[in-house]
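Trainee: Handing you a structure now.
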Amino acid sequence: MTECPPPKKSPSENLPPANTGVCIAGTGMGLPAKVLTNDDLSKIVDTSDEWIRPRTGITQRYLADRTEHTSDLAAVAVLQAMANAGLEPSDLDLLLCATMTPDLVCPATACRVVDKIGAVPCGAMDLNLACTGFVAALTTASAFISSGHCRHVAVVGADCLSKIVDWEDRTTCILFGDAAGAAIVSRSEDPTQRCLYQRLCSDGSQWESLFVPRSEHDLPPNGQKPFEGKYNTLQMNGREVFKFAVNALRNSVSNALKATNLTAEDIKMVIPHQSNIRMLTTAWKKLGFDDDKIYVNIDRYGNTSAASVALCLHELTEQGRLTPGDYVIFVAQGGGLTWGTSLWRL
Ligand SMILES: CC(C)(COP(=O)(O)OP(=O)(O)OC[C@H]1O[C@@H](n2cnc3c(N)ncnc32)[C@H](O)[C@@H]1OP(=O)(O)O)[C@@H](O)C(=O)NCCC(=O)NCCS
């Protein structure tokens, strides 16, 4: 058993000055090697590139193999984010892993990631909010930093949805892909760098819009239509989720702008969960954002659940499109139902 080492600093030194900032110090990503195109999918289920692309925006997705776990992809992403932040594993105070496809029910996937990156005995916690997970974890990390309890928190969104989709159900299996994306959230000397606004919401009364039943005891109450799906696979009411997501996206972003007295012009980028290109374009129409302020990469990865916002953040960072002082909005929605927004000054 590894002994928990003494704190790096005395508790009073851990408390930040009143105006401590919070920054995103590095980002990373982890992908499986295998690519599955829409044409490949058409050999598995009755579908086609012509159907999938215009309705979803997806042209390909990555798939983990049987021996590859969520924690494997997550570890690759966190190691890259730490290298980009110039950190060693021992610098991390906490690792938050957002996932709805943990390696095992127990232990938390975060514990396995901490082990795989050589950061034992760093604190570790999973957050299961489906596609909203990374935004929730980012916000949580910010709170740990600004409270003074942590200096560096690794936040990773990682999912292998391919392990829980029904590969005979063409309405769901075409949508998802496997990936991990990570960010290091750190204390900053610049007090203007921080999360200016966050809002996390849930509506558990709509849980059956997107769920994974283990047995007949997990099904929606009597009176619903007979269960036609398979246990231990993702069940989704695509149309209901679509309507919910468009409203959630639109309201979340508009509330964030109102609360911070910012306008669409002030925002450098909106970094949304990549669920469906039609959803995104429908939601943005009324918000007044130019198209080039909405980051989209769903064509290459599909919906990667908790990883999706993190992948976008990493790509934007690698492309040099984000600079200190920029305002960015992270926004996501998913199973639960859950939805969340986090507006940062980088
Ligand atoms: C899943 C989704 C793409 C389906 O699009 P849609 O336009 O609502 O399609 P429908 O489910 O109404 O199906 C329309 C027809 O296409 C068929 N169809 C469904 N999936 C198909 C596929 N992959 N290939 C070919 N045909 C398909 C249906 O069987 C139906 O045929 P019918 O009219 O003969 O019955 C869309 O509802 C969606 O994106 N929903 C949100 C899902 C999501 O993002 N979930 C995660 C949230 S974080």
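If you're wondering about the labels, chains in the structure tokens are A, B, ... by order shown, residues count from 1 in each chain, ligands from 1 in order shown.
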Please give me, as a count of residues only, the residues lying within 9 Å of ligand 1 when counting only C-alpha atoms and all ligand atoms.
Mentor: 47
Trainee: Can you pull out the residues contacting stretch 27-31 of chain A? Cut-off 12 Å, using only C-alpha atoms, and skip same-chain residues under 5 positions away; I want them as JSON, numbers by chain.
Mentor: {"A": [61, 62, 63, 64, 65, 68, 69, 70, 71, 72, 73, 74, 75, 76, 77, 78, 79, 80, 81, 82, 83, 84, 85, 86, 87, 153, 154, 155, 156, 157, 158, 159, 160, 177, 178, 179, 180, 181, 182, 183, 184, 185, 186, 300, 301, 304, 307, 308, 309, 310, 311, 312, 313, 314, 315, 316, 317, 318, 319, 322]}
Trainee: Using only C-alpha atoms, which residue out of A:Asn251, A:Thr99, A:Ser202, A:Thr323 lies closest to A:Lys268?
Mentor: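 That would be A:Thr323, the residue with the smallest distance to A:Lys268.
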Trainee: What's the 8 Å shell around A:Val135, counting only C-alpha atoms, without same-chain residues fewer than 4 positions away, as a PyMOL selection string?
Mentor: chain A and resi 139+309+330-332+340-342
Trainee: Please, what distance in Å, to one decimal, runs between atom CA of A:Phe211 and atom CA of A:Leu234?
Mentor: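 If I compute the distance from atom CA of A:Phe211 to atom CA of A:Leu234, I get 5.8 Å.
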Trainee: With DSSP run on the backbone, what are the alpha helix (DSSP H) residues within stretch 102-158 of chain A? I'd like them as a compact mmCIF listing (two decimals) with N, CA, C and O atoms, in the first residue's frame.
Mentor:
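Saved to part.txt:
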# COMPACT_ATOMS: atom_id res chain seq x y z
N THR A 109 -12.69 4.56 -12.78
CA THR A 109 -11.72 4.58 -13.88
C THR A 109 -10.59 5.56 -13.58
O THR A 109 -9.43 5.34 -13.95
N ALA A 110 -10.91 6.65 -12.89
CA ALA A 110 -9.90 7.67 -12.54
C ALA A 110 -8.73 7.03 -11.78
O ALA A 110 -7.57 7.40 -11.99
N CYS A 111 -9.03 6.05 -10.90
CA CYS A 111 -7.95 5.39 -10.13
C CYS A 111 -7.01 4.64 -11.09
O CYS A 111 -5.78 4.66 -10.91
N ARG A 112 -7.59 4.00 -12.10
CA ARG A 112 -6.76 3.25 -13.05
C ARG A 112 -5.93 4.21 -13.91
O ARG A 112 -4.80 3.91 -14.28
N VAL A 113 -6.50 5.37 -14.22
CA VAL A 113 -5.74 6.35 -15.02
C VAL A 113 -4.56 6.87 -14.19
O VAL A 113 -3.43 6.95 -14.68
N VAL A 114 -4.83 7.20 -12.93
CA VAL A 114 -3.75 7.69 -12.06
C VAL A 114 -2.61 6.67 -12.00
O VAL A 114 -1.42 7.02 -12.10
N ASP A 115 -2.97 5.40 -11.90
CA ASP A 115 -1.94 4.35 -11.87
C ASP A 115 -1.18 4.30 -13.20
O ASP A 115 0.05 4.28 -13.23
N LYS A 116 -1.93 4.33 -14.31
CA LYS A 116 -1.30 4.19 -15.63
C LYS A 116 -0.37 5.34 -15.98
O LYS A 116 0.56 5.18 -16.74
N GLY A 133 -20.33 15.29 -19.08
CA GLY A 133 -19.31 14.99 -18.08
C GLY A 133 -18.10 15.90 -18.08
O GLY A 133 -17.64 16.36 -17.03
N PHE A 134 -17.54 16.19 -19.27
CA PHE A 134 -16.30 16.97 -19.29
C PHE A 134 -16.55 18.40 -18.82
O PHE A 134 -15.74 18.98 -18.08
N VAL A 135 -17.66 18.98 -19.23
CA VAL A 135 -17.97 20.36 -18.82
C VAL A 135 -18.15 20.40 -17.30
O VAL A 135 -17.66 21.31 -16.61
N ALA A 136 -18.83 19.40 -16.76
CA ALA A 136 -19.02 19.34 -15.30
C ALA A 136 -17.69 19.16 -14.58
O ALA A 136 -17.43 19.79 -13.54
N ALA A 137 -16.81 18.33 -15.14
CA ALA A 137 -15.52 18.07 -14.50
C ALA A 137 -14.61 19.30 -14.57
O ALA A 137 -13.88 19.61 -13.62
N LEU A 138 -14.69 20.01 -15.68
CA LEU A 138 -13.89 21.24 -15.84
C LEU A 138 -14.29 22.27 -14.77
O LEU A 138 -13.45 22.90 -14.13
N THR A 139 -15.59 22.41 -14.60
CA THR A 139 -16.14 23.34 -13.63
C THR A 139 -15.74 22.92 -12.20
O THR A 139 -15.38 23.75 -11.37
N THR A 140 -15.80 21.60 -11.96
CA THR A 140 -15.42 21.07 -10.64
C THR A 140 -13.94 21.34 -10.37
O THR A 140 -13.55 21.76 -9.27
N ALA A 141 -13.12 21.14 -11.39
CA ALA A 141 -11.68 21.37 -11.23
C ALA A 141 -11.43 22.83 -10.89
O ALA A 141 -10.62 23.16 -10.00
N SER A 142 -12.14 23.72 -11.57
CA SER A 142 -11.97 25.15 -11.32
C SER A 142 -12.28 25.47 -9.85
O SER A 142 -11.57 26.26 -9.20
N ALA A 143 -13.34 24.83 -9.32
CA ALA A 143 -13.71 25.08 -7.92
C ALA A 143 -12.63 24.57 -6.96
O ALA A 143 -12.33 25.22 -5.95
N PHE A 144 -12.02 23.42 -7.27
CA PHE A 144 -10.95 22.89 -6.42
C PHE A 144 -9.74 23.83 -6.43
O PHE A 144 -9.05 23.98 -5.44
N ILE A 145 -9.47 24.45 -7.58
CA ILE A 145 -8.31 25.35 -7.66
C ILE A 145 -8.62 26.65 -6.92
O ILE A 145 -7.83 27.11 -6.08
N SER A 146 -9.79 27.23 -7.21
CA SER A 146 -10.03 28.55 -6.60
C SER A 146 -10.28 28.46 -5.10
O SER A 146 -10.10 29.45 -4.40
Trainee: Looking at only C-alpha atoms, which of A:Gly204, A:Gly123, A:Gly288, A:Pro221 is the one that sits closest to A:Trp339?
Mentor: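 Result for the nearest residue to A:Trp339: A:Gly204.
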Trainee: Go through A:Pro213, A:Leu95, A:Gly302, A:Leu104 and flag the residue nearest A:Asp126, using only C-alpha atoms for the distances.
Mentor: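 Result for the nearest residue to A:Asp126: A:Leu95.
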Trainee: Among stretch 57-234 of chain A, which ones does DSSP place in strand (DSSP E), written as a VMD selection string?
Mentor: chain A and resid 60 to 63 94 to 98 123 to 127 152 to 160 178 to 188 194 to 202 210 to 211
Trainee: Filtering to C-alpha atoms, could you give me those residues as a PDB file, in the first residue's frame?
Mentor:
ATOM      1  CA  GLN A  60     -16.095   8.356 -39.611  1.00  0.00           C
ATOM      2  CA  ARG A  61     -15.456   7.425 -35.981  1.00  0.00           C
ATOM      3  CA  TYR A  62     -12.700   5.625 -34.028  1.00  0.00           C
ATOM      4  CA  LEU A  63     -13.291   2.289 -32.285  1.00  0.00           C
ATOM      5  CA  LEU A  94      -6.361  15.403  -8.334  1.00  0.00           C
ATOM      6  CA  LEU A  95      -7.570  13.586 -11.449  1.00  0.00           C
ATOM      7  CA  LEU A  96     -11.227  13.797 -12.488  1.00  0.00           C
ATOM      8  CA  CYS A  97     -12.437  11.311 -15.079  1.00  0.00           C
ATOM      9  CA  ALA A  98     -15.767  11.994 -16.781  1.00  0.00           C
ATOM     10  CA  GLY A 123      -6.659  11.832  -5.678  1.00  0.00           C
ATOM     11  CA  ALA A 124      -9.054  10.317  -8.198  1.00  0.00           C
ATOM     12  CA  MET A 125     -12.773  10.632  -8.897  1.00  0.00           C
ATOM     13  CA  ASP A 126     -15.187   9.630 -11.671  1.00  0.00           C
ATOM     14  CA  LEU A 127     -18.112  11.787 -12.780  1.00  0.00           C
ATOM     15  CA  HIS A 152      -3.050  21.205 -10.647  1.00  0.00           C
ATOM     16  CA  VAL A 153      -6.096  19.080 -11.534  1.00  0.00           C
ATOM     17  CA  ALA A 154      -6.147  16.746 -14.531  1.00  0.00           C
ATOM     18  CA  VAL A 155      -9.569  16.610 -16.144  1.00  0.00           C
ATOM     19  CA  VAL A 156     -10.219  13.859 -18.664  1.00  0.00           C
ATOM     20  CA  GLY A 157     -13.362  13.024 -20.606  1.00  0.00           C
ATOM     21  CA  ALA A 158     -13.135   9.478 -21.928  1.00  0.00           C
ATOM     22  CA  ASP A 159     -15.656   7.074 -23.361  1.00  0.00           C
ATOM     23  CA  CYS A 160     -15.813   3.858 -25.350  1.00  0.00           C
ATOM     24  CA  ASP A 178     -14.436   6.179 -28.844  1.00  0.00           C
ATOM     25  CA  ALA A 179     -11.903   8.759 -27.631  1.00  0.00           C
ATOM     26  CA  ALA A 180     -10.425  10.640 -24.689  1.00  0.00           C
ATOM     27  CA  GLY A 181      -9.582  14.317 -24.289  1.00  0.00           C
ATOM     28  CA  ALA A 182      -7.829  15.965 -21.356  1.00  0.00           C
ATOM     29  CA  ALA A 183      -7.022  19.353 -19.868  1.00  0.00           C
ATOM     30  CA  ILE A 184      -4.792  20.379 -16.976  1.00  0.00           C
ATOM     31  CA  VAL A 185      -6.511  23.016 -14.862  1.00  0.00           C
ATOM     32  CA  SER A 186      -3.992  24.967 -12.801  1.00  0.00           C
ATOM     33  CA  ARG A 187      -3.641  27.889 -10.449  1.00  0.00           C
ATOM     34  CA  SER A 188      -2.677  31.082 -12.299  1.00  0.00           C
ATOM     35  CA  ARG A 194     -10.822  32.055 -14.572  1.00  0.00           C
ATOM     36  CA  CYS A 195     -14.210  30.430 -14.984  1.00  0.00           C
ATOM     37  CA  LEU A 196     -16.572  33.420 -14.936  1.00  0.00           C
ATOM     38  CA  TYR A 197     -19.837  31.501 -15.097  1.00  0.00           C
ATOM     39  CA  GLN A 198     -20.966  27.935 -14.653  1.00  0.00           C
ATOM     40  CA  ARG A 199     -24.343  26.245 -14.564  1.00  0.00           C
ATOM     41  CA  LEU A 200     -24.969  22.526 -14.276  1.00  0.00           C
ATOM     42  CA  CYS A 201     -28.546  21.235 -14.628  1.00  0.00           C
ATOM     43  CA  SER A 202     -30.367  17.913 -14.586  1.00  0.00           C
ATOM     44  CA  LEU A 210     -31.219   7.785 -22.941  1.00  0.00           C
ATOM     45  CA  PHE A 211     -30.340   4.877 -20.644  1.00  0.00           C
TER      46      PHE A 211
END
Trainee: Grab the atom CA of A:Gly336 to atom CA of A:Ser205 distance for me, in Å with one decimal place.
Mentor: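 Value for the atom CA of A:Gly336-atom CA of A:Ser205 distance: 8.4 Å.
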Trainee: For A:Thr59, which residue out of A:Ile298, A:Ala283, A:Ala25, A:Leu129 is the nearest one, using only C-alpha atoms?
Mentor: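 Among the listed residues, A:Ile298 lies closest to A:Thr59.
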Trainee: Restricting the calculation to only C-alpha atoms: of A:Leu280, A:Met269, A:Leu343, A:Ala264, which residue gets closest to A:Ala248?
Mentor: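 Selected residue with least distance to A:Ala248: A:Leu280.
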Trainee: So how many Å separate atom CA of A:Thr192 and atom CA of A:Lys258, to one decimal?
Mentor: 19.1 Å
